[in-house]
>>> print(open('final_19.csv').read())   # CSV, C-alpha atoms
chain,number,residue,atom,x,y,z
A,1,MET,CA,328.8,-30.1,218.0
A,2,SER,CA,331.0,-27.1,217.4
A,3,THR,CA,330.5,-23.5,218.7
A,4,THR,CA,329.9,-22.3,215.2
A,5,THR,CA,327.0,-24.7,214.7
A,6,LEU,CA,325.4,-23.5,217.9
A,7,LYS,CA,325.7,-19.8,216.9
A,8,THR,CA,324.2,-20.5,213.5
A,9,ALA,CA,321.2,-22.3,215.0
A,10,SER,CA,320.6,-19.5,217.5
A,11,GLU,CA,320.8,-16.8,214.8
A,12,ALA,CA,318.3,-18.8,212.6
A,13,ALA,CA,315.9,-19.0,215.5
A,14,ASP,CA,316.1,-15.3,216.1
A,15,GLN,CA,315.5,-14.6,212.4
A,16,ALA,CA,312.5,-17.0,212.1
A,17,PRO,CA,309.1,-15.2,212.0
A,18,SER,CA,307.2,-15.3,215.3
A,19,THR,CA,304.1,-17.5,215.3
A,20,ALA,CA,302.4,-15.6,218.2
A,21,PRO,CA,299.5,-13.4,217.1
A,22,PRO,CA,300.2,-9.7,217.4
A,23,ARG,CA,298.6,-7.9,220.3
A,24,ARG,CA,295.6,-5.8,219.2
A,25,ALA,CA,296.1,-2.1,220.0
A,26,ARG,CA,293.4,-0.7,222.3
A,27,ARG,CA,291.4,2.1,220.7
A,28,ARG,CA,291.2,5.4,222.3
A,29,GLY,CA,288.5,5.4,225.0
A,30,GLU,CA,288.1,1.6,224.8
A,31,GLN,CA,287.9,0.0,228.3
A,32,SER,CA,290.0,-3.0,229.3
A,33,PRO,CA,288.1,-6.2,230.1
A,34,GLY,CA,288.6,-5.6,233.8
A,35,ALA,CA,287.3,-2.0,233.7
A,36,SER,CA,284.3,-3.1,231.5
A,37,LEU,CA,283.4,-5.9,234.0
A,38,ALA,CA,283.7,-3.4,236.9
A,39,THR,CA,281.5,-0.9,235.1
A,40,HIS,CA,278.8,-3.5,234.4
A,41,GLY,CA,279.0,-4.7,238.0
A,42,ILE,CA,278.4,-1.1,239.3
A,43,LEU,CA,275.5,-0.7,237.0
A,44,VAL,CA,273.9,-3.9,238.1
A,45,VAL,CA,274.3,-2.9,241.8
A,46,ALA,CA,272.8,0.5,241.1
A,47,SER,CA,269.9,-1.0,239.2
A,48,LEU,CA,269.2,-3.3,242.1
A,49,VAL,CA,269.3,-0.4,244.6
A,50,ALA,CA,266.9,1.6,242.4
A,51,LEU,CA,264.5,-1.3,241.9
A,52,PHE,CA,264.5,-2.7,245.5
A,53,PRO,CA,262.1,-0.1,247.0
A,54,VAL,CA,259.6,-0.7,244.3
A,55,ALA,CA,259.8,-4.5,244.6
A,56,TRP,CA,259.6,-4.2,248.4
A,57,LEU,CA,256.5,-2.0,248.1
A,58,VAL,CA,254.8,-4.5,245.8
A,59,PHE,CA,255.8,-7.4,248.1
A,60,LEU,CA,254.3,-5.6,251.2
A,61,SER,CA,251.1,-4.9,249.3
A,62,LEU,CA,250.5,-8.6,249.0
A,63,GLY,CA,250.4,-9.1,252.8
A,64,PRO,CA,246.9,-9.3,254.3
A,65,ASP,CA,247.7,-7.9,257.7
A,66,GLN,CA,248.7,-4.4,258.7
A,67,ASP,CA,251.7,-5.6,260.7
A,68,ASP,CA,253.2,-7.8,258.0
A,69,TYR,CA,255.9,-5.2,257.4
A,70,LEU,CA,257.3,-6.2,260.8
A,71,HIS,CA,257.5,-9.8,259.8
A,72,PRO,CA,258.0,-9.8,256.0
A,73,GLY,CA,259.0,-13.4,255.9
A,74,GLY,CA,255.5,-14.5,256.8
A,75,ILE,CA,254.0,-12.9,253.7
A,76,PHE,CA,255.3,-15.7,251.4
A,77,GLY,CA,252.8,-18.2,252.8
A,78,LYS,CA,249.7,-16.0,252.7
A,79,MET,CA,250.1,-13.7,249.6
A,80,THR,CA,246.8,-12.3,248.4
A,81,PHE,CA,245.4,-9.6,246.2
A,82,ASP,CA,242.6,-8.7,248.7
A,83,ASN,CA,244.3,-5.4,249.5
A,84,TYR,CA,243.9,-4.3,245.9
A,85,VAL,CA,240.3,-5.5,245.8
A,86,PHE,CA,239.6,-3.5,249.0
A,87,VAL,CA,241.1,-0.3,247.6
A,88,LEU,CA,239.3,-0.5,244.3
A,89,ARG,CA,235.9,-1.4,245.9
A,90,GLU,CA,235.7,0.2,249.3
A,91,THR,CA,237.5,3.5,248.8
A,92,LYS,CA,237.0,6.5,246.5
A,93,PHE,CA,240.0,5.4,244.4
A,94,PHE,CA,238.3,6.2,241.1
A,95,ASP,CA,237.3,9.6,242.3
A,96,TRP,CA,240.9,10.2,243.3
A,97,LEU,CA,242.0,8.9,239.9
A,98,TRP,CA,239.7,11.3,238.1
A,99,SER,CA,240.7,14.3,240.2
A,100,THR,CA,244.4,13.5,239.8
A,101,LEU,CA,244.2,13.1,236.0
A,102,VAL,CA,242.2,16.3,235.6
A,103,VAL,CA,244.6,18.3,237.8
A,104,SER,CA,247.8,16.7,236.4
A,105,LEU,CA,246.8,16.9,232.7
A,106,GLY,CA,245.4,20.4,233.1
A,107,THR,CA,248.6,21.5,234.7
A,108,THR,CA,250.6,19.9,232.0
A,109,VAL,CA,248.7,21.4,229.1
A,110,ILE,CA,248.4,25.0,230.5
A,111,GLY,CA,251.8,24.9,232.1
A,112,VAL,CA,253.7,23.7,229.0
A,113,LEU,CA,251.8,26.2,226.8
A,114,ALA,CA,252.6,29.1,229.1
A,115,ALA,CA,256.2,28.0,229.5
A,116,ALA,CA,256.7,27.4,225.8
A,117,THR,CA,255.4,30.9,224.8
A,118,THR,CA,257.4,32.5,227.6
A,119,GLY,CA,260.7,30.7,226.7
A,120,TYR,CA,260.3,31.4,223.0
A,121,ALA,CA,259.6,35.1,223.6
A,122,VAL,CA,262.7,35.5,225.8
A,123,SER,CA,264.8,33.4,223.4
A,124,ARG,CA,263.9,35.3,220.2
A,125,MET,CA,262.6,38.8,221.2
A,126,ARG,CA,264.6,41.5,222.8
A,127,PHE,CA,262.1,43.6,224.7
A,128,PRO,CA,263.0,45.9,227.6
A,129,GLY,CA,263.7,43.9,230.8
A,130,TYR,CA,263.7,40.4,229.2
A,131,LYS,CA,266.7,39.3,231.2
A,132,LYS,CA,265.3,40.6,234.4
A,133,PHE,CA,262.0,38.8,233.7
A,134,MET,CA,263.7,35.4,233.6
A,135,TRP,CA,265.4,36.1,236.9
A,136,VAL,CA,262.1,37.1,238.4
A,137,LEU,CA,260.8,33.7,237.4
A,138,LEU,CA,263.8,32.1,239.1
A,139,VAL,CA,263.2,34.1,242.3
A,140,THR,CA,259.7,32.8,242.6
A,141,GLN,CA,261.1,29.3,243.1
A,142,MET,CA,262.9,30.4,246.3
A,143,PHE,CA,259.8,30.8,248.4
A,144,PRO,CA,258.9,27.8,250.5
A,145,ILE,CA,255.4,26.3,250.2
A,146,ALA,CA,254.5,27.2,253.8
A,147,VAL,CA,255.0,30.9,253.0
A,148,LEU,CA,252.9,30.7,249.8
A,149,ILE,CA,249.9,28.8,251.1
A,150,VAL,CA,248.2,31.7,253.0
A,151,PRO,CA,248.4,34.3,250.2
A,152,MET,CA,247.4,31.8,247.6
A,153,TYR,CA,244.4,30.7,249.7
A,154,GLN,CA,243.3,34.3,250.0
A,155,ILE,CA,243.6,34.8,246.3
A,156,LEU,CA,241.7,31.7,245.4
A,157,SER,CA,239.1,32.6,248.0
A,158,ASP,CA,238.6,36.0,246.4
A,159,LEU,CA,238.3,34.3,243.0
A,160,GLN,CA,235.9,31.7,244.4
A,161,LEU,CA,238.2,28.9,243.2
A,162,ILE,CA,238.6,27.1,246.6
A,163,ASP,CA,237.7,23.4,246.2
A,164,SER,CA,237.9,23.6,242.4
A,165,TYR,CA,240.1,21.9,239.9
A,166,LEU,CA,240.9,25.1,238.1
A,167,GLY,CA,242.2,26.8,241.2
A,168,LEU,CA,244.5,23.9,242.0
A,169,VAL,CA,245.7,23.8,238.4
A,170,LEU,CA,246.6,27.5,238.5
A,171,VAL,CA,248.5,27.0,241.8
A,172,TYR,CA,250.5,24.1,240.3
A,173,CYS,CA,251.2,26.2,237.2
A,174,SER,CA,252.7,28.9,239.3
A,175,THR,CA,255.2,26.2,240.5
A,176,ALA,CA,255.9,24.5,237.2
A,177,VAL,CA,255.9,27.3,234.7
A,178,PRO,CA,259.0,29.2,236.0
A,179,TYR,CA,261.2,26.1,235.8
A,180,CYS,CA,259.8,24.9,232.5
A,181,ALA,CA,260.2,28.4,231.0
A,182,TRP,CA,263.9,28.3,231.8
A,183,LEU,CA,264.2,24.8,230.4
A,184,LEU,CA,262.5,25.6,227.1
A,185,LYS,CA,264.3,28.9,226.7
A,186,GLY,CA,267.6,27.0,226.8
A,187,TYR,CA,266.2,24.5,224.2
A,188,PHE,CA,264.9,27.2,221.9
A,189,ASP,CA,268.3,28.8,221.9
A,190,THR,CA,269.7,25.6,220.2
A,191,ILE,CA,267.3,26.0,217.3
A,192,PRO,CA,268.8,28.2,214.5
A,193,PHE,CA,267.3,31.7,214.2
A,194,GLU,CA,267.4,31.2,210.4
A,195,ILE,CA,264.3,29.0,210.7
A,196,ASP,CA,262.3,32.0,212.1
A,197,GLU,CA,263.6,34.1,209.2
A,198,ALA,CA,262.5,31.5,206.7
A,199,GLY,CA,259.0,31.5,208.3
A,200,ARG,CA,258.7,35.2,207.9
A,201,VAL,CA,259.8,35.0,204.3
A,202,ASP,CA,257.0,32.5,203.7
A,203,GLY,CA,254.6,34.9,205.2
A,204,LEU,CA,254.0,33.4,208.6
A,205,THR,CA,253.2,35.5,211.6
A,206,PRO,CA,255.5,35.2,214.7
A,207,PHE,CA,252.9,32.9,216.3
A,208,GLY,CA,252.6,30.9,213.1
A,209,THR,CA,256.3,30.5,213.0
A,210,PHE,CA,256.3,29.4,216.6
A,211,ALA,CA,253.4,26.9,216.2
A,212,ARG,CA,254.3,25.4,212.7
A,213,LEU,CA,258.1,25.5,212.7
A,214,ILE,CA,259.6,25.8,216.1
A,215,LEU,CA,257.3,23.5,218.2
A,216,PRO,CA,257.8,20.4,216.0
A,217,LEU,CA,261.5,20.8,216.4
A,218,ALA,CA,261.2,21.3,220.2
A,219,LYS,CA,259.4,18.0,220.9
A,220,PRO,CA,262.2,16.7,223.2
A,221,GLY,CA,262.2,19.9,225.3
A,222,LEU,CA,258.4,19.9,225.4
A,223,ALA,CA,258.5,16.3,226.6
A,224,VAL,CA,260.7,17.1,229.5
A,225,ALA,CA,258.6,20.1,230.5
A,226,ALA,CA,255.4,18.0,230.2
A,227,PHE,CA,256.8,15.3,232.4
A,228,TYR,CA,258.0,17.8,235.0
A,229,SER,CA,254.6,19.5,235.1
A,230,PHE,CA,252.8,16.2,235.3
A,231,ILE,CA,254.9,14.9,238.2
A,232,THR,CA,254.7,18.2,240.0
A,233,ALA,CA,250.9,18.1,240.1
A,234,PHE,CA,250.6,14.3,240.5
A,235,GLY,CA,252.6,13.9,243.7
A,236,GLU,CA,252.0,17.3,245.5
A,237,VAL,CA,250.3,17.1,248.9
A,238,ALA,CA,250.4,20.5,250.7
A,239,PHE,CA,248.4,22.6,248.2
A,240,ALA,CA,246.0,19.8,247.4
A,241,SER,CA,245.1,19.1,251.0
A,242,THR,CA,244.6,22.8,251.7
A,243,PHE,CA,242.6,23.9,248.7
A,244,MET,CA,240.5,20.8,248.1
A,245,LEU,CA,237.8,20.4,250.7
A,246,SER,CA,235.6,17.6,249.2
A,247,ASP,CA,236.9,14.1,249.7
A,248,THR,CA,235.7,13.2,246.2
A,249,LYS,CA,238.0,15.8,244.8
A,250,TYR,CA,241.1,14.6,246.6
A,251,THR,CA,244.1,13.7,244.5
A,252,PHE,CA,246.0,10.4,245.0
A,253,ALA,CA,248.5,12.0,247.3
A,254,VAL,CA,245.8,13.3,249.7
A,255,GLY,CA,243.6,10.3,249.4
A,256,LEU,CA,246.5,8.1,250.5
A,257,GLN,CA,246.4,9.9,253.9
A,258,SER,CA,243.0,8.5,254.6
A,259,PHE,CA,244.6,5.2,255.5
A,260,VAL,CA,246.5,6.8,258.4
A,261,SER,CA,244.2,7.1,261.4
A,262,GLU,CA,244.9,8.5,264.9
A,263,HIS,CA,245.8,5.1,266.4
A,264,ASP,CA,247.3,3.1,263.6
A,265,ALA,CA,248.2,3.0,259.9
A,266,GLN,CA,246.7,0.5,257.5
A,267,ARG,CA,250.0,0.0,255.8
A,268,GLN,CA,248.9,-2.9,253.6
A,269,TYR,CA,246.2,-0.7,252.0
A,270,MET,CA,248.7,2.1,251.7
A,271,ALA,CA,251.1,-0.1,249.9
A,272,ALA,CA,248.5,-1.4,247.5
A,273,THR,CA,247.3,2.1,246.7
A,274,ALA,CA,250.8,3.3,246.1
A,275,VAL,CA,251.4,0.5,243.6
A,276,LEU,CA,248.1,1.4,241.8
A,277,ILE,CA,249.1,5.1,241.9
A,278,ALA,CA,252.4,4.3,240.1
A,279,VAL,CA,250.5,3.0,237.0
A,280,PRO,CA,249.4,6.3,235.5
A,281,VAL,CA,252.9,7.8,236.1
A,282,SER,CA,254.5,4.8,234.4
A,283,VAL,CA,252.1,5.1,231.4
A,284,PHE,CA,252.9,8.8,231.0
A,285,PHE,CA,256.6,8.2,231.3
A,286,TYR,CA,256.3,5.5,228.6
A,287,LEU,CA,254.6,8.0,226.3
A,288,VAL,CA,257.3,10.7,226.6
A,289,GLN,CA,260.4,8.6,227.3
A,290,LYS,CA,261.5,8.6,223.6
A,291,ASN,CA,262.1,12.3,223.8
A,292,LEU,CA,262.9,12.6,227.4
A,293,VAL,CA,266.7,11.9,227.4
A,294,THR,CA,267.3,14.1,224.3
A,295,GLY,CA,265.3,16.9,225.9
A,296,LEU,CA,267.2,16.7,229.2
A,297,THR,CA,270.6,17.2,227.5
A,298,ALA,CA,269.8,19.3,224.4
A,299,GLY,CA,269.3,22.6,226.3
A,300,GLY,CA,272.8,22.4,227.9
A,301,THR,CA,274.6,23.7,224.8
A,302,LYS,CA,273.8,26.3,222.3
A,303,GLY,CA,274.0,25.1,218.7
>>> encode(input="final_19.csv", output="structure tokens")
Amino acid sequence: MSTTTLKTASEAADQAPSTAPPRRARRRGEQSPGASLATHGILVVASLVALFPVAWLVFLSLGPDQDDYLHPGGIFGKMTFDNYVFVLRETKFFDWLWSTLVVSLGTTVIGVLAAATTGYAVSRMRFPGYKKFMWVLLVTQMFPIAVLIVPMYQILSDLQLIDSYLGLVLVYCSTAVPYCAWLLKGYFDTIPFEIDEAGRVDGLTPFGTFARLILPLAKPGLAVAAFYSFITAFGEVAFASTFMLSDTKYTFAVGLQSFVSEHDAQRQYMAATAVLIAVPVSVFFYLVQKNLVTGLTAGGTKG
């Protein structure tokens, strides 16, 4: 075979179209398979870390003895729901449930209403000192609970609101309203001012504009404020244990302390009660979760 023949074959091979499929160009922001796998792995690990305490609490609540937490492996052979039966039958669980729902829902309704009107007024109206007013609300969050308990107790005592649901609701509103007002003010800033002007053209009063036009658009922000107010009242201990004197008016957080005695702690009953306590919060979260994520991020930018 001559040299010319070899060159001709080589040139023909170079000129022949490639049969290998072209490499797909990666889009901007698209992760590589390795990065995607690593991201999913991190999310799975984070989910397991978040779920482990809940699963562990449920597991301990199924142990019949108060020392089962020291030997958790022995629970598998003697799992029982007797702890839940004891809590529901032998304690004031339903009194605690009623008190907690009254206080939490009362705080949510009154707190969100007060915070919404405050945030809307500061967002839309330019009255003297409106900026300083918001900073005053922020300053109220800087005082620790230990400093506030004594003056609040004196105020509630003068108003004859000690050991009453209304007194505890007002105390919780003093904690929830400042934060929620800031939150809703940022959300109202994202709603175009032209909507208010359209309401005035249609003959609505400022409150009518607020109630009929603005609030329906602010549902995500209201959901976040409602969830924060509910959680604030639901899990608080210091104020509830100080201002509520009757054991039938204890909230869940205070009632849970009844399982801790001077000599030992009935941890199996505490675990069962904690699991039951989580049910109302889970239901409330389910009701507001559709608007929760949107509301958490919408107030961060002004549209």
>>> residues_around(input="final_19.csv", residues="Val260 (chain A)", least_positions_apart="6", cutoff="9 Å", atoms="only C-alpha atoms", output="number ranges by chain")
A: 266-267, 270
>>> residues_around(input="final_19.csv", residues="region 121-136 of chain A", least_positions_apart="6", cutoff="8 Å", atoms="only C-alpha atoms", output="ChimeraX atom specification")
/A:182,185-186,188-189,193
>>> residues_around(input="final_19.csv", residues="region 102-118 of chain A", least_positions_apart="2", cutoff="10 Å", atoms="only C-alpha atoms", output="mmCIF file with C-alpha atoms, in the coordinates of the input")
data_model
loop_
_atom_site.group_PDB
_atom_site.id
_atom_site.type_symbol
_atom_site.label_atom_id
_atom_site.label_comp_id
_atom_site.auth_asym_id
_atom_site.auth_seq_id
_atom_site.Cartn_x
_atom_site.Cartn_y
_atom_site.Cartn_z
ATOM 1 C CA TRP A 96 240.900 10.200 243.300
ATOM 2 C CA LEU A 97 242.000 8.900 239.900
ATOM 3 C CA TRP A 98 239.700 11.300 238.100
ATOM 4 C CA SER A 99 240.700 14.300 240.200
ATOM 5 C CA THR A 100 244.400 13.500 239.800
ATOM 6 C CA TYR A 120 260.300 31.400 223.000
ATOM 7 C CA ALA A 121 259.600 35.100 223.600
ATOM 8 C CA VAL A 122 262.700 35.500 225.800
ATOM 9 C CA SER A 123 264.800 33.400 223.400
ATOM 10 C CA PHE A 133 262.000 38.800 233.700
ATOM 11 C CA MET A 134 263.700 35.400 233.600
ATOM 12 C CA SER A 164 237.900 23.600 242.400
ATOM 13 C CA TYR A 165 240.100 21.900 239.900
ATOM 14 C CA LEU A 166 240.900 25.100 238.100
ATOM 15 C CA GLY A 167 242.200 26.800 241.200
ATOM 16 C CA LEU A 168 244.500 23.900 242.000
ATOM 17 C CA VAL A 169 245.700 23.800 238.400
ATOM 18 C CA LEU A 170 246.600 27.500 238.500
ATOM 19 C CA VAL A 171 248.500 27.000 241.800
ATOM 20 C CA TYR A 172 250.500 24.100 240.300
ATOM 21 C CA CYS A 173 251.200 26.200 237.200
ATOM 22 C CA SER A 174 252.700 28.900 239.300
ATOM 23 C CA THR A 175 255.200 26.200 240.500
ATOM 24 C CA ALA A 176 255.900 24.500 237.200
ATOM 25 C CA VAL A 177 255.900 27.300 234.700
ATOM 26 C CA PRO A 178 259.000 29.200 236.000
ATOM 27 C CA TYR A 179 261.200 26.100 235.800
ATOM 28 C CA CYS A 180 259.800 24.900 232.500
ATOM 29 C CA ALA A 181 260.200 28.400 231.000
ATOM 30 C CA TRP A 182 263.900 28.300 231.800
ATOM 31 C CA LEU A 183 264.200 24.800 230.400
ATOM 32 C CA LEU A 184 262.500 25.600 227.100
ATOM 33 C CA LYS A 185 264.300 28.900 226.700
ATOM 34 C CA PHE A 188 264.900 27.200 221.900
ATOM 35 C CA PHE A 207 252.900 32.900 216.300
ATOM 36 C CA PHE A 210 256.300 29.400 216.600
ATOM 37 C CA ALA A 211 253.400 26.900 216.200
ATOM 38 C CA LEU A 215 257.300 23.500 218.200
ATOM 39 C CA ALA A 218 261.200 21.300 220.200
ATOM 40 C CA GLY A 221 262.200 19.900 225.300
ATOM 41 C CA LEU A 222 258.400 19.900 225.400
ATOM 42 C CA ALA A 223 258.500 16.300 226.600
ATOM 43 C CA VAL A 224 260.700 17.100 229.500
ATOM 44 C CA ALA A 225 258.600 20.100 230.500
ATOM 45 C CA ALA A 226 255.400 18.000 230.200
ATOM 46 C CA PHE A 227 256.800 15.300 232.400
ATOM 47 C CA TYR A 228 258.000 17.800 235.000
ATOM 48 C CA SER A 229 254.600 19.500 235.100
ATOM 49 C CA PHE A 230 252.800 16.200 235.300
ATOM 50 C CA ILE A 231 254.900 14.900 238.200
ATOM 51 C CA THR A 232 254.700 18.200 240.000
ATOM 52 C CA ALA A 233 250.900 18.100 240.100
ATOM 53 C CA PHE A 234 250.600 14.300 240.500
ATOM 54 C CA GLY A 235 252.600 13.900 243.700
ATOM 55 C CA ALA A 240 246.000 19.800 247.400
ATOM 56 C CA LYS A 249 238.000 15.800 244.800
ATOM 57 C CA THR A 251 244.100 13.700 244.500
#
>>> atom_distance(input="final_19.csv", atom1="CA of Pro64 (chain A)", atom2="CA of Thr248 (chain A)")
26.4 Å
>>> residues_around(input="final_19.csv", residues="Tyr69 (chain A)", least_positions_apart="4", cutoff="9 Å", atoms="only C-alpha atoms", output="NGL selection string")
:A and (60 or 63 or 65 or 73 or 75 or 267-268)
>>> write_last_selection(input="final_19.csv", atoms="C-alpha atoms", output="CSV table (one decimal), in the coordinates of the input")
chain,number,residue,atom,x,y,z
A,60,LEU,CA,254.3,-5.6,251.2
A,63,GLY,CA,250.4,-9.1,252.8
A,65,ASP,CA,247.7,-7.9,257.7
A,73,GLY,CA,259.0,-13.4,255.9
A,75,ILE,CA,254.0,-12.9,253.7
A,267,ARG,CA,250.0,0.0,255.8
A,268,GLN,CA,248.9,-2.9,253.6
>>> atom_distance(input="final_19.csv", atom1="CA of Pro280 (chain A)", atom2="CA of Asp95 (chain A)")
14.3 Å
>>> residues_around(input="final_19.csv", residues="Ala271 (chain A)", least_positions_apart="2", cutoff="9 Å", atoms="only C-alpha atoms", output="list of chain:residue names")
A:Leu57, A:Val58, A:Phe59, A:Leu60, A:Ser61, A:Leu62, A:Asn83, A:Gln266, A:Arg267, A:Gln268, A:Tyr269, A:Thr273, A:Ala274, A:Val275, A:Leu276
>>> atom_distance(input="final_19.csv", atom1="CA of His40 (chain A)", atom2="CA of Leu287 (chain A)")
28.0 Å
